[in-house]
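S.K.: Got a structure for you, run_20.pdb, holding PDB, C-alpha atoms.
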ATOM      1  CA  MET A   1       6.439  62.442  46.697  1.00  0.00           C
ATOM      2  CA  GLN A   2       4.581  64.786  49.017  1.00  0.00           C
ATOM      3  CA  LYS A   3       5.415  65.099  52.685  1.00  0.00           C
ATOM      4  CA  ILE A   4       1.804  65.765  53.754  1.00  0.00           C
ATOM      5  CA  LYS A   5      -0.889  63.553  52.250  1.00  0.00           C
ATOM      6  CA  LEU A   6      -4.615  62.940  52.549  1.00  0.00           C
ATOM      7  CA  ASN A   7      -5.749  61.354  55.864  1.00  0.00           C
ATOM      8  CA  ASP A   8      -2.466  62.226  57.642  1.00  0.00           C
ATOM      9  CA  GLU A   9      -2.731  63.132  61.319  1.00  0.00           C
ATOM     10  CA  VAL A  10      -1.254  66.634  61.647  1.00  0.00           C
ATOM     11  CA  ILE A  11      -0.684  69.176  64.413  1.00  0.00           C
ATOM     12  CA  VAL A  12      -0.922  72.948  63.983  1.00  0.00           C
ATOM     13  CA  ILE A  13       2.372  74.632  64.915  1.00  0.00           C
ATOM     14  CA  SER A  14       1.341  78.285  64.484  1.00  0.00           C
ATOM     15  CA  GLY A  15      -1.805  80.372  64.270  1.00  0.00           C
ATOM     16  CA  LYS A  16      -5.009  80.550  66.274  1.00  0.00           C
ATOM     17  CA  ASP A  17      -5.383  76.737  66.476  1.00  0.00           C
ATOM     18  CA  LYS A  18      -1.787  76.128  67.627  1.00  0.00           C
ATOM     19  CA  GLY A  19      -1.411  72.753  69.352  1.00  0.00           C
ATOM     20  CA  SER A  20      -4.602  71.266  67.880  1.00  0.00           C
ATOM     21  CA  THR A  21      -4.512  68.003  65.971  1.00  0.00           C
ATOM     22  CA  GLY A  22      -6.696  66.830  63.127  1.00  0.00           C
ATOM     23  CA  THR A  23      -6.882  64.793  59.950  1.00  0.00           C
ATOM     24  CA  VAL A  24      -6.121  66.224  56.506  1.00  0.00           C
ATOM     25  CA  THR A  25      -9.295  66.153  54.397  1.00  0.00           C
ATOM     26  CA  LYS A  26      -8.019  67.877  51.260  1.00  0.00           C
ATOM     27  CA  VAL A  27      -4.598  68.850  49.914  1.00  0.00           C
ATOM     28  CA  LEU A  28      -4.362  71.986  47.762  1.00  0.00           C
ATOM     29  CA  ASN A  29      -1.182  73.423  46.207  1.00  0.00           C
ATOM     30  CA  ALA A  30       0.464  74.977  49.266  1.00  0.00           C
ATOM     31  CA  LYS A  31      -2.471  74.619  51.650  1.00  0.00           C
ATOM     32  CA  VAL A  32      -4.456  71.865  53.323  1.00  0.00           C
ATOM     33  CA  LEU A  33      -7.904  71.504  54.844  1.00  0.00           C
ATOM     34  CA  VAL A  34      -7.870  69.925  58.303  1.00  0.00           C
ATOM     35  CA  ALA A  35     -11.084  68.506  59.766  1.00  0.00           C
ATOM     36  CA  GLY A  36     -12.512  70.725  62.498  1.00  0.00           C
ATOM     37  CA  LEU A  37      -9.696  73.302  62.462  1.00  0.00           C
ATOM     38  CA  ASN A  38      -9.382  76.908  61.237  1.00  0.00           C
ATOM     39  CA  LEU A  39     -13.139  77.482  61.258  1.00  0.00           C
ATOM     40  CA  ALA A  40     -14.546  80.742  59.896  1.00  0.00           C
ATOM     41  CA  LYS A  41     -18.092  82.070  59.990  1.00  0.00           C
ATOM     42  CA  LYS A  42     -19.727  82.464  56.596  1.00  0.00           C
ATOM     43  CA  HIS A  43     -22.975  84.304  55.901  1.00  0.00           C
ATOM     44  CA  VAL A  44     -25.148  82.167  53.615  1.00  0.00           C
ATOM     45  CA  ARG A  45     -28.046  83.545  51.607  1.00  0.00           C
ATOM     46  CA  PRO A  46     -31.170  81.357  51.624  1.00  0.00           C
ATOM     47  CA  ASN A  47     -32.003  79.534  48.399  1.00  0.00           C
ATOM     48  CA  PRO A  48     -35.390  77.774  48.539  1.00  0.00           C
ATOM     49  CA  ASN A  49     -34.867  76.138  45.131  1.00  0.00           C
ATOM     50  CA  ALA A  50     -31.739  74.326  46.383  1.00  0.00           C
ATOM     51  CA  GLY A  51     -33.179  73.760  49.868  1.00  0.00           C
ATOM     52  CA  VAL A  52     -30.545  75.961  51.539  1.00  0.00           C
ATOM     53  CA  THR A  53     -31.638  77.840  54.635  1.00  0.00           C
ATOM     54  CA  GLY A  54     -29.951  81.152  55.269  1.00  0.00           C
ATOM     55  CA  GLY A  55     -27.890  82.067  58.289  1.00  0.00           C
ATOM     56  CA  ILE A  56     -24.358  82.010  59.610  1.00  0.00           C
ATOM     57  CA  THR A  57     -22.461  78.736  59.186  1.00  0.00           C
ATOM     58  CA  GLU A  58     -18.951  77.687  60.128  1.00  0.00           C
ATOM     59  CA  ILE A  59     -16.716  76.347  57.370  1.00  0.00           C
ATOM     60  CA  GLU A  60     -13.166  75.014  57.387  1.00  0.00           C
ATOM     61  CA  MET A  61     -10.648  77.322  55.787  1.00  0.00           C
ATOM     62  CA  PRO A  62      -7.323  76.172  54.303  1.00  0.00           C
ATOM     63  CA  LEU A  63      -4.149  76.216  56.416  1.00  0.00           C
ATOM     64  CA  ALA A  64      -0.718  76.850  54.934  1.00  0.00           C
ATOM     65  CA  ILE A  65       1.433  73.713  54.846  1.00  0.00           C
ATOM     66  CA  SER A  66       4.179  75.673  56.620  1.00  0.00           C
ATOM     67  CA  ASN A  67       1.877  76.082  59.632  1.00  0.00           C
ATOM     68  CA  ILE A  68       1.316  72.359  60.185  1.00  0.00           C
ATOM     69  CA  ALA A  69       3.540  69.381  60.937  1.00  0.00           C
ATOM     70  CA  ILE A  70       2.876  65.671  60.858  1.00  0.00           C
ATOM     71  CA  TYR A  71       1.921  64.211  64.251  1.00  0.00           C
ATOM     72  CA  ASN A  72       4.059  61.348  65.546  1.00  0.00           C
ATOM     73  CA  PRO A  73       1.892  59.073  67.750  1.00  0.00           C
ATOM     74  CA  VAL A  74       4.940  57.437  69.375  1.00  0.00           C
ATOM     75  CA  THR A  75       6.512  60.654  70.671  1.00  0.00           C
ATOM     76  CA  LYS A  76       3.150  62.506  70.796  1.00  0.00           C
ATOM     77  CA  LYS A  77       4.795  65.559  69.209  1.00  0.00           C
ATOM     78  CA  ALA A  78       5.154  67.281  65.854  1.00  0.00           C
ATOM     79  CA  ASP A  79       7.778  65.706  63.638  1.00  0.00           C
ATOM     80  CA  ARG A  80       9.617  66.256  60.380  1.00  0.00           C
ATOM     81  CA  VAL A  81       9.162  63.967  57.394  1.00  0.00           C
ATOM     82  CA  GLY A  82      11.929  62.370  55.357  1.00  0.00           C
ATOM     83  CA  ILE A  83      11.694  60.374  52.140  1.00  0.00           C
ATOM     84  CA  ARG A  84      13.824  57.304  51.515  1.00  0.00           C
ATOM     85  CA  THR A  85      13.875  54.171  49.392  1.00  0.00           C
ATOM     86  CA  ASN A  86      13.327  50.964  51.359  1.00  0.00           C
ATOM     87  CA  LYS A  87      15.014  47.617  50.693  1.00  0.00           C
ATOM     88  CA  ASP A  88      12.334  46.669  48.132  1.00  0.00           C
ATOM     89  CA  GLY A  89      13.111  49.794  46.067  1.00  0.00           C
ATOM     90  CA  ILE A  90       9.872  51.580  46.997  1.00  0.00           C
ATOM     91  CA  LYS A  91       9.854  55.194  48.200  1.00  0.00           C
ATOM     92  CA  GLU A  92       8.466  55.690  51.694  1.00  0.00           C
ATOM     93  CA  ARG A  93       7.991  58.529  54.145  1.00  0.00           C
ATOM     94  CA  PHE A  94       9.497  58.292  57.620  1.00  0.00           C
ATOM     95  CA  PHE A  95       9.630  60.254  60.860  1.00  0.00           C
ATOM     96  CA  LYS A  96      13.002  61.985  61.278  1.00  0.00           C
ATOM     97  CA  SER A  97      13.029  61.666  65.092  1.00  0.00           C
ATOM     98  CA  ASN A  98      12.683  57.890  65.447  1.00  0.00           C
ATOM     99  CA  ASP A  99      13.295  56.705  61.849  1.00  0.00           C
ATOM    100  CA  GLU A 100       9.968  54.805  61.656  1.00  0.00           C
ATOM    101  CA  ALA A 101       8.015  54.548  58.414  1.00  0.00           C
ATOM    102  CA  ILE A 102       4.761  56.498  58.133  1.00  0.00           C
ATOM    103  CA  VAL A 103       1.855  54.172  57.413  1.00  0.00           C
TER     104      VAL A 103
END
Could you spell out this file's structure in structure tokens?

M.R.:
Amino acid sequence: MQKIKLNDEVIVISGKDKGSTGTVTKVLNAKVLVAGLNLAKKHVRPNPNAGVTGGITEIEMPLAISNIAIYNPVTKKADRVGIRTNKDGIKERFFKSNDEAIV
């Protein structure tokens, strides 16, 4: 079971976007894409056949999983994730600080 999953609310704990929060849009091996964070400028060549206009666009670049933490809305801080088996025998993720299950 992964500690960071798709659509998790995360906070950046190091790097140029430190302190920013966002939603995970894609999970790669050891990296994640977070909506609206870690933007880089990319030079795009025009392609009239595909309807692409040229210019400089901003795209989201992957962040290392070690540079983000899950955001706890109760404490409004970054938190660590634990994995446990609940009383029904199903694995669930929980916040380590207040022992609440992650929905």

S.K.: Taking only residues of segment 53-74 of chain A that have an atom at most 12 Å from an atom of segment 45-48 of chain A, what is each one's shortest atom pair and its distance in Å to one decimal, using only C-alpha atoms, in chain and number order, as JSON lines?

M.R.:
{"residue": "A:Thr53", "atom": "CA", "partner": "A:Pro46", "partner_atom": "CA", "distance": 4.7}
{"residue": "A:Gly54", "atom": "CA", "partner": "A:Pro46", "partner_atom": "CA", "distance": 3.8}
{"residue": "A:Gly55", "atom": "CA", "partner": "A:Arg45", "partner_atom": "CA", "distance": 6.8}
{"residue": "A:Ile56", "atom": "CA", "partner": "A:Arg45", "partner_atom": "CA", "distance": 8.9}
{"residue": "A:Thr57", "atom": "CA", "partner": "A:Arg45", "partner_atom": "CA", "distance": 10.6}

S.K.: Near segment 67-73 of chain A, within 6 Å and counting all atoms listed in the file, which residues show up once chain neighbours fewer than 5 positions away are dropped, as JSON, numbers by chain?

M.R.: {"A": [9, 10, 11, 12, 13, 14, 78, 79]}

S.K.: Choose the residue, out of A:Gly15, A:Lys87, A:Gln2, A:Asp8, that has the smallest atom-to-atom separation from Ile102 of chain A; count all atoms listed in the file.

M.R.: A:Asp8

S.K.: Could you write out as a PyMOL selection string the residues that the PyMOL selection byres ((chain A and resi 6) around 9) matches in the shown file?

M.R.: chain A and resi 4-5+7-9+23-27+32

S.K.: Between A:Ala101, A:Leu39, A:Met1, A:Val34, which is the closest to Ala64 of chain A once you count only C-alpha atoms?

M.R.: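 Residue with the minimum atom-to-atom distance to Ala64 of chain A: A:Val34.
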
S.K.: Quick one, how far is atom CA of Ala40 of chain A from atom CA of Lys3 of chain A?

M.R.: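 Spanning atom CA of Ala40 of chain A to atom CA of Lys3 of chain A is a straight-line distance of 26.4 Å.
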
S.K.: I'd like the interatomic distance between atom CA of Ala30 of chain A and atom CA of Ser66 of chain A, to a tenth of an Å.

M.R.: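 Calculated distance between atom CA of Ala30 of chain A and atom CA of Ser66 of chain A is 8.3 Å.
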
S.K.: Applied to this file, what does the PyMOL selection byres ((chain A and resi 38) around 8) return in terms of residues, put as a count of residues only?

M.R.: 11

S.K.: If you measure from atom CA of Val74 of chain A to atom CA of Leu33 of chain A, what distance in Å do you get, rounded to one decimal?

M.R.: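 Atom CA of Val74 of chain A sits 24.0 Å away from atom CA of Leu33 of chain A.
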
S.K.: Enclose segment 39-48 of chain A, meaning all of its atoms listed in the file, in a box aligned along x, y and z, pad it by 3 Å on each side, and list the centre and edge lengths in Å to one decimal, as AutoDock Vina command-line options.

M.R.:
--center_x -24.3 --center_y 80.9 --center_z 54.8 --size_x 28.3 --size_y 12.8 --size_z 18.9

S.K.: I need segment 10-39 of chain A written out with N, CA and C atoms, as a short mmCIF file (atom, residue, chain, number, x, y, z; two decimals), in the first residue's frame; please produce it.

M.R.:
data_model
loop_
_atom_site.label_atom_id
_atom_site.label_comp_id
_atom_site.auth_asym_id
_atom_site.auth_seq_id
_atom_site.Cartn_x
_atom_site.Cartn_y
_atom_site.Cartn_z
N VAL A 10 -1.44 17.39 -0.54
CA VAL A 10 -0.07 17.33 -0.04
C VAL A 10 0.48 18.73 0.15
N ILE A 11 1.55 18.83 0.95
CA ILE A 11 2.25 20.09 1.17
C ILE A 11 3.72 19.85 0.84
N VAL A 12 4.33 20.85 0.19
CA VAL A 12 5.74 20.75 -0.19
C VAL A 12 6.58 21.12 1.03
N ILE A 13 7.54 20.26 1.39
CA ILE A 13 8.34 20.51 2.59
C ILE A 13 9.75 20.99 2.26
N SER A 14 10.16 20.93 0.98
CA SER A 14 11.45 21.49 0.60
C SER A 14 11.43 21.84 -0.88
N GLY A 15 12.28 22.78 -1.26
CA GLY A 15 12.36 23.20 -2.65
C GLY A 15 11.80 24.60 -2.83
N LYS A 16 11.67 25.02 -4.08
CA LYS A 16 11.26 26.39 -4.36
C LYS A 16 9.79 26.66 -4.01
N ASP A 17 8.96 25.63 -3.95
CA ASP A 17 7.54 25.79 -3.61
C ASP A 17 7.25 25.39 -2.17
N LYS A 18 8.24 25.48 -1.30
CA LYS A 18 8.08 25.05 0.10
C LYS A 18 6.91 25.78 0.76
N GLY A 19 6.05 25.00 1.43
CA GLY A 19 4.89 25.55 2.12
C GLY A 19 3.63 25.57 1.28
N SER A 20 3.73 25.31 -0.02
CA SER A 20 2.55 25.32 -0.89
C SER A 20 1.82 23.99 -0.81
N THR A 21 0.51 24.05 -0.95
CA THR A 21 -0.29 22.83 -0.94
C THR A 21 -0.93 22.63 -2.30
N GLY A 22 -1.23 21.39 -2.61
CA GLY A 22 -1.87 21.05 -3.87
C GLY A 22 -2.35 19.62 -3.87
N THR A 23 -2.98 19.23 -4.95
CA THR A 23 -3.54 17.89 -5.09
C THR A 23 -2.68 17.07 -6.04
N VAL A 24 -2.42 15.83 -5.69
CA VAL A 24 -1.62 14.93 -6.53
C VAL A 24 -2.44 14.56 -7.76
N THR A 25 -1.87 14.82 -8.96
CA THR A 25 -2.57 14.49 -10.19
C THR A 25 -2.05 13.22 -10.85
N LYS A 26 -0.80 12.87 -10.54
CA LYS A 26 -0.23 11.65 -11.12
C LYS A 26 0.87 11.14 -10.21
N VAL A 27 0.93 9.83 -10.01
CA VAL A 27 1.96 9.21 -9.19
C VAL A 27 2.87 8.41 -10.10
N LEU A 28 4.17 8.76 -10.10
CA LEU A 28 5.18 8.02 -10.85
C LEU A 28 5.92 7.13 -9.86
N ASN A 29 7.03 6.54 -10.24
CA ASN A 29 7.75 5.63 -9.34
C ASN A 29 8.13 6.29 -8.03
N ALA A 30 9.04 7.25 -8.06
CA ALA A 30 9.47 7.93 -6.84
C ALA A 30 9.16 9.41 -6.90
N LYS A 31 8.27 9.79 -7.83
CA LYS A 31 7.92 11.19 -8.01
C LYS A 31 6.42 11.33 -8.17
N VAL A 32 5.94 12.55 -7.96
CA VAL A 32 4.52 12.83 -8.14
C VAL A 32 4.35 14.17 -8.86
N LEU A 33 3.24 14.30 -9.58
CA LEU A 33 2.87 15.58 -10.16
C LEU A 33 1.81 16.20 -9.26
N VAL A 34 2.02 17.45 -8.88
CA VAL A 34 1.08 18.16 -8.02
C VAL A 34 0.52 19.32 -8.82
N ALA A 35 -0.80 19.47 -8.81
CA ALA A 35 -1.47 20.50 -9.61
C ALA A 35 -1.01 21.90 -9.21
N GLY A 36 -0.51 22.65 -10.20
CA GLY A 36 -0.13 24.03 -10.00
C GLY A 36 1.19 24.27 -9.30
N LEU A 37 1.96 23.23 -9.02
CA LEU A 37 3.24 23.39 -8.32
C LEU A 37 4.39 22.91 -9.19
N ASN A 38 5.60 23.41 -8.89
CA ASN A 38 6.84 23.08 -9.58
C ASN A 38 6.71 23.32 -11.08
N LEU A 39 6.28 24.53 -11.44
CA LEU A 39 6.10 24.89 -12.84
C LEU A 39 7.43 25.24 -13.48
#
